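Comments concern the structure below.
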Amino acid sequence: MKITIIGSGYVGLTSGTCFAEVGHHVTCVDNNPEKIETLLKGEIPIYEPGLAELVQQNVAAGRLKFTTSTEEGVRDGEVIFIAVPTPPQPDGSVDLSFIEKVAREIAQCLKPELGYRVIVDKSTVPVKTGDKVKQTVRRYAPEGVEFGVVSNPEFLREGCAVDDLLNPDRIVIGSNDDKALGYMQKLYEPFVAPVLVTDINSAELIKHAANSFLALKISYINAVANICEAAGADVEKVAEGIGMDKRIGRQFLNAGLGYGGSCFPKDIKAFIAISETLGQPFGLLKEVERINADQMNHFLDKIREKLWVFREKKIALWGLAFKQNTDDVRESVAIKMARVMLGEGASIVAADPQAVGTAKRFGNLEGDISYADDMYAALDGADALVIATEWPQFATADLEEVAKRLRTPLVFDGRNLLDPEDVKAAKLEYYPIGRPAVAG
Ligand code: UGA
């Protein structure tokens, strides 16, 4: 099929590329000429494992192209995806102005002679946005244009987006009309995954409800971690024990510094705002947010307790990205923590396998911070190692080397990456989350 994706950001670029990979002809549109320039040169503006190769292969095969022209996209794609940002407003509600603008632009490019078009919302949007898109397109499109509107939320995770897109757990298609649904079913035929068909409102809600539930799982285990800490129990064992119940599952029960990134913090806020607008306030999600925010403060208190003060202390910080396998530092707890430590007078040497560049550009970190190319080099003469991101290379670190390079052998593990037995053998003093400390 011929499809168009409007918005070549994380979701748009990765999903467009994966649609091309399964055999569709894809036009990716973005209004940022520099981004399109970069993509036309065969480079990708984000770090996502496996994506660059896939972009190059599909461009070479003639199935993937890039343009700044919405008109070209609307002409070429029988299915047109909207994948533009839906950022939060100061009150937590969603700013839908990009979606509205794209809906208007699509409408103005539609012509009766192009034939039927399906307009699909892939961005995460509040329930009832589909109605608004339909109303806007109807209002701005010329007389005689035929189109359908569909909601098709995306569930990819950064860092494993290609695999999530090619092998999804499920595909959700929200459609109130059979013709549009037929196009969507054909589009997803090459994928081996269960397809759930719903009305548009339900599909939109599924996305916010799913992300909120995952965030709830994380806050739940973090609250349990604090109880474990107070009781001298081990949250890793507790998570294993409760996760073995198939109704609960072990995934997303990793205690740590809490969730960050461009999705969960924004989507939980949005769902709280949506529920309030609908007269059904979702207090539980406010508690999820509170636990998440407290998690970092609790961890910082633990560091303060051992270091006494941050002033004139040198901290080796492992991790800047909001999670592993990405260079994304949006709403990264690692960055937020660095800001607090710098503010209290610490000096930081940070290391991250991918996110040093993005942290320098977007981290807004002021104070005595420098960056090491090598994670071990960051340790030289430091008063403590703080692990803030769950990169696998941190989990398999050579702990003898860590002990040798630190000035004082203090390790604060905000992601429970290290094995307490190995830590003990390396004679490190170790403070994880929700697990007994290994002291001296
Ligand atoms: C999340 C969802 O997992 C995707 O399904 C969804 O499509 C995406 O948001 C989105 O709405 O676009 P993502 O933000 O890329 O994906 O990353 P996750 O892997 O979900 O991690 C989110 C945060 O939770 C990270 O900061 C991670 O460190 C934290 N986390 C995750 C934990 O603290 N504990 C866990 O057990 C799992």
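Labeling convention for the structure tokens: chains A, B, ... as they appear, residues from 1 per chain, ligands from 1 in order of appearance.
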Which chain A residues have any atom within 8 Å of an atom of ligand 1, and for each, what is the nearest pair of atoms with distance in Å to one decimal, counting only C-alpha atoms and all ligand atoms, rows sorted by chain and number, as CSV?
```
residue,atom,partner,partner_atom_place_in_ligand_line,distance
A:Val11,CA,ligand 1,12 (O),7.3
A:Thr124,CA,ligand 1,11 (O),6.9
A:Glu154,CA,ligand 1,7 (O),5.4
A:Phe155,CA,ligand 1,7 (O),3.1
A:Leu156,CA,ligand 1,7 (O),4.0
A:Arg157,CA,ligand 1,15 (O),3.5
A:Glu158,CA,ligand 1,15 (O),3.7
A:Gly159,CA,ligand 1,15 (O),6.8
A:Ala161,CA,ligand 1,15 (O),7.9
A:Lys207,CA,ligand 1,11 (O),7.4
A:Ala210,CA,ligand 1,5 (O),7.6
A:Asn211,CA,ligand 1,2 (C),5.9
A:Leu214,CA,ligand 1,3 (O),7.1
A:Ala215,CA,ligand 1,24 (O),7.0
A:Lys217,CA,ligand 1,36 (O),7.6
A:Ile218,CA,ligand 1,34 (N),5.2
A:Gln251,CA,ligand 1,36 (O),6.1
A:Phe252,CA,ligand 1,36 (O),3.1
A:Leu253,CA,ligand 1,36 (O),4.2
A:Asn254,CA,ligand 1,36 (O),3.5
A:Ala255,CA,ligand 1,34 (N),5.7
A:Gly256,CA,ligand 1,33 (O),5.3
A:Leu257,CA,ligand 1,33 (O),6.1
A:Gly258,CA,ligand 1,33 (O),4.4
A:Tyr259,CA,ligand 1,24 (O),3.7
A:Gly260,CA,ligand 1,26 (O),3.8
A:Gly261,CA,ligand 1,14 (O),5.1
A:Ser262,CA,ligand 1,14 (O),6.0
A:Cys263,CA,ligand 1,11 (O),4.5
A:Phe264,CA,ligand 1,9 (O),5.8
A:Asp267,CA,ligand 1,11 (O),7.3
A:Phe322,CA,ligand 1,26 (O),4.9
A:Lys323,CA,ligand 1,28 (O),4.4
A:Gln324,CA,ligand 1,28 (O),7.3
A:Ser332,CA,ligand 1,26 (O),6.8
A:Val333,CA,ligand 1,26 (O),7.3
A:Thr389,CA,ligand 1,28 (O),6.9
A:Glu390,CA,ligand 1,28 (O),6.8
A:Arg415,CA,ligand 1,33 (O),7.7
```
How would the residues just picked look written out with N, CA and C atoms as a tab-separated table (two decimals), in the first residue's frame?
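Output file part.tsv follows:
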```
chain	number	residue	atom	x	y	z
A	11	VAL	N	8.34	8.44	16.71
A	11	VAL	CA	7.28	7.50	16.31
A	11	VAL	C	7.12	7.48	14.80
A	124	THR	N	0.00	10.06	20.66
A	124	THR	CA	-0.78	9.80	21.88
A	124	THR	C	-1.67	11.01	22.15
A	154	GLU	N	0.43	3.87	19.14
A	154	GLU	CA	1.72	3.18	19.01
A	154	GLU	C	2.23	2.78	20.40
A	155	PHE	N	2.77	1.57	20.48
A	155	PHE	CA	3.23	1.08	21.79
A	155	PHE	C	4.73	0.83	21.84
A	156	LEU	N	5.47	1.36	20.86
A	156	LEU	CA	6.92	1.08	20.82
A	156	LEU	C	7.63	1.70	22.01
A	157	ARG	N	8.73	1.04	22.41
A	157	ARG	CA	9.59	1.60	23.45
A	157	ARG	C	10.87	2.10	22.80
A	158	GLU	N	11.37	3.22	23.24
A	158	GLU	CA	12.67	3.69	22.74
A	158	GLU	C	13.71	2.65	23.11
A	159	GLY	N	14.70	2.48	22.25
A	159	GLY	CA	15.76	1.53	22.54
A	159	GLY	C	15.49	0.15	21.96
A	161	ALA	N	12.68	-0.05	19.56
A	161	ALA	CA	11.53	0.37	18.75
A	161	ALA	C	11.34	-0.51	17.51
A	207	LYS	N	-4.33	3.69	24.91
A	207	LYS	CA	-2.94	4.17	25.01
A	207	LYS	C	-2.66	4.83	26.37
A	210	ALA	N	-2.87	2.20	29.16
A	210	ALA	CA	-1.73	1.24	29.17
A	210	ALA	C	-0.50	1.90	29.79
A	211	ASN	N	-0.15	3.10	29.33
A	211	ASN	CA	1.04	3.77	29.88
A	211	ASN	C	0.86	4.06	31.37
A	214	LEU	N	1.44	0.86	33.33
A	214	LEU	CA	2.87	0.52	33.43
A	214	LEU	C	3.57	1.42	34.45
A	215	ALA	N	3.22	2.70	34.45
A	215	ALA	CA	3.81	3.63	35.43
A	215	ALA	C	3.37	3.24	36.85
A	217	LYS	N	2.73	0.24	37.84
A	217	LYS	CA	3.54	-0.93	38.25
A	217	LYS	C	4.89	-0.47	38.80
A	218	ILE	N	5.49	0.50	38.12
A	218	ILE	CA	6.81	0.99	38.55
A	218	ILE	C	6.70	1.66	39.92
A	251	GLN	N	7.59	-8.24	34.42
A	251	GLN	CA	8.06	-7.04	33.70
A	251	GLN	C	7.54	-5.75	34.34
A	252	PHE	N	8.37	-4.72	34.23
A	252	PHE	CA	8.05	-3.39	34.79
A	252	PHE	C	7.87	-3.42	36.30
A	253	LEU	N	8.57	-4.38	36.92
A	253	LEU	CA	8.65	-4.39	38.39
A	253	LEU	C	10.09	-4.19	38.81
A	254	ASN	N	10.85	-3.40	38.05
A	254	ASN	CA	12.22	-3.12	38.45
A	254	ASN	C	12.24	-1.85	39.29
A	255	ALA	N	12.54	-2.03	40.57
A	255	ALA	CA	12.62	-0.87	41.45
A	255	ALA	C	13.83	-0.03	41.05
A	256	GLY	N	13.74	1.25	41.26
A	256	GLY	CA	14.86	2.12	40.88
A	256	GLY	C	14.58	3.56	41.21
A	257	LEU	N	15.01	4.43	40.30
A	257	LEU	CA	14.84	5.87	40.53
A	257	LEU	C	13.53	6.39	39.98
A	258	GLY	N	12.72	5.47	39.44
A	258	GLY	CA	11.43	5.90	38.91
A	258	GLY	C	11.48	6.09	37.41
A	259	TYR	N	10.31	6.37	36.85
A	259	TYR	CA	10.23	6.49	35.39
A	259	TYR	C	10.52	7.92	34.93
A	260	GLY	N	11.10	8.00	33.73
A	260	GLY	CA	11.32	9.29	33.08
A	260	GLY	C	10.97	9.13	31.62
A	261	GLY	N	11.57	9.97	30.77
A	261	GLY	CA	11.35	9.84	29.34
A	261	GLY	C	10.29	10.77	28.82
A	262	SER	N	10.07	10.69	27.52
A	262	SER	CA	9.15	11.63	26.89
A	262	SER	C	7.70	11.15	26.95
A	263	CYS	N	7.47	9.95	27.49
A	263	CYS	CA	6.10	9.42	27.44
A	263	CYS	C	5.42	9.34	28.81
A	264	PHE	N	5.95	8.51	29.71
A	264	PHE	CA	5.23	8.27	30.97
A	264	PHE	C	4.92	9.58	31.74
A	267	ASP	N	2.26	11.43	29.83
A	267	ASP	CA	0.99	10.72	29.64
A	267	ASP	C	0.22	10.54	30.94
A	322	PHE	N	17.52	8.60	29.91
A	322	PHE	CA	16.40	8.30	30.82
A	322	PHE	C	16.24	6.80	31.03
A	323	LYS	N	16.87	6.01	30.14
A	323	LYS	CA	16.93	4.55	30.32
A	323	LYS	C	18.01	4.01	29.38
A	324	GLN	N	18.18	2.70	29.38
A	324	GLN	CA	19.24	2.11	28.56
A	324	GLN	C	18.90	2.15	27.06
A	332	SER	N	14.86	12.86	32.14
A	332	SER	CA	15.74	11.82	32.68
A	332	SER	C	16.00	12.07	34.16
A	333	VAL	N	15.80	11.03	34.97
A	333	VAL	CA	16.03	11.17	36.41
A	333	VAL	C	17.53	11.41	36.65
A	389	THR	N	21.38	5.06	35.37
A	389	THR	CA	20.68	4.53	34.18
A	389	THR	C	21.01	3.05	34.04
A	390	GLU	N	20.02	2.26	33.59
A	390	GLU	CA	20.18	0.81	33.58
A	390	GLU	C	20.88	0.27	32.32
A	415	ARG	N	19.69	1.69	40.19
A	415	ARG	CA	18.96	0.79	39.30
A	415	ARG	C	19.14	-0.68	39.67
```
**Item:** Nearby residues (only C-alpha atoms) at most 10 Å from Asp294 of chain A, same-chain spacing under 5 positions excluded, as a PyMOL selection string
**Value:** chain A and resi 219+222-223+257-258+289+299-300
Store the residues picked out above, limited to N, CA, C and O atoms, as a tab-separated table (two decimals), in the first residue's frame.
```
chain	number	residue	atom	x	y	z
A	219	SER	N	5.70	2.52	40.10
A	219	SER	CA	5.55	3.20	41.40
A	219	SER	C	5.20	2.19	42.48
A	219	SER	O	5.64	2.32	43.63
A	222	ASN	N	8.31	0.52	43.53
A	222	ASN	CA	9.18	1.46	44.25
A	222	ASN	C	8.67	1.70	45.68
A	222	ASN	O	9.48	1.81	46.61
A	223	ALA	N	7.36	1.74	45.85
A	223	ALA	CA	6.80	1.86	47.20
A	223	ALA	C	7.13	0.61	48.00
A	223	ALA	O	7.51	0.69	49.19
A	257	LEU	N	15.01	4.43	40.30
A	257	LEU	CA	14.84	5.87	40.53
A	257	LEU	C	13.53	6.39	39.98
A	257	LEU	O	13.27	7.58	40.01
A	258	GLY	N	12.72	5.47	39.44
A	258	GLY	CA	11.43	5.90	38.91
A	258	GLY	C	11.48	6.09	37.41
A	258	GLY	O	12.53	5.99	36.80
A	289	GLU	N	2.38	9.48	40.61
A	289	GLU	CA	3.32	10.59	40.35
A	289	GLU	C	4.11	10.96	41.61
A	289	GLU	O	5.30	11.22	41.55
A	299	PHE	N	16.58	8.65	47.34
A	299	PHE	CA	17.91	8.17	46.95
A	299	PHE	C	18.98	9.24	47.23
A	299	PHE	O	20.05	8.96	47.76
A	300	LEU	N	18.64	10.48	46.91
A	300	LEU	CA	19.59	11.57	47.19
A	300	LEU	C	19.85	11.70	48.69
A	300	LEU	O	20.98	11.94	49.12
```
Which residues of segment 258-324 of chain A come within 12 Å of segment 127-133 of chain A, and for each one, what is the closest pair of atoms and their distance in Å to one decimal, counting only C-alpha atoms, sorted by chain and residue number, as a Markdown table?
```
| residue | atom | partner | partner_atom | distance |
| --- | --- | --- | --- | --- |
| A:Ala270 | CA | A:Val127 | CA | 10.5 |
| A:Phe271 | CA | A:Val127 | CA | 9.4 |
| A:Ala273 | CA | A:Val127 | CA | 11.3 |
| A:Ile274 | CA | A:Val127 | CA | 7.8 |
| A:Ser275 | CA | A:Val127 | CA | 9.9 |
| A:Thr277 | CA | A:Val127 | CA | 10.8 |
| A:Leu278 | CA | A:Val127 | CA | 10.0 |
```
**Message:** From a backbone DSSP assignment, name each residue in segment 78-275 of chain A labelled alpha helix (DSSP H), as JSON, numbers by chain.
**Reply:** {"A": [97, 98, 99, 100, 101, 102, 103, 104, 105, 106, 107, 108, 109, 129, 130, 131, 132, 133, 134, 135, 136, 137, 138, 139, 140, 161, 162, 163, 164, 165, 166, 178, 179, 180, 181, 182, 183, 184, 185, 186, 187, 200, 201, 202, 203, 204, 205, 206, 207, 208, 209, 210, 211, 212, 213, 214, 215, 216, 217, 218, 219, 220, 221, 222, 223, 224, 225, 226, 227, 228, 229, 230, 231, 235, 236, 237, 238, 239, 240, 241, 242, 243, 264, 265, 266, 267, 268, 269, 270, 271, 272, 273, 274, 275]}
**Message:** Taking only C-alpha atoms into account, name the residue in A:Leu379, A:Pro353, A:Phe394, A:Phe213 that is nearest to Leu284 of chain A.
**Reply:** A:Phe213
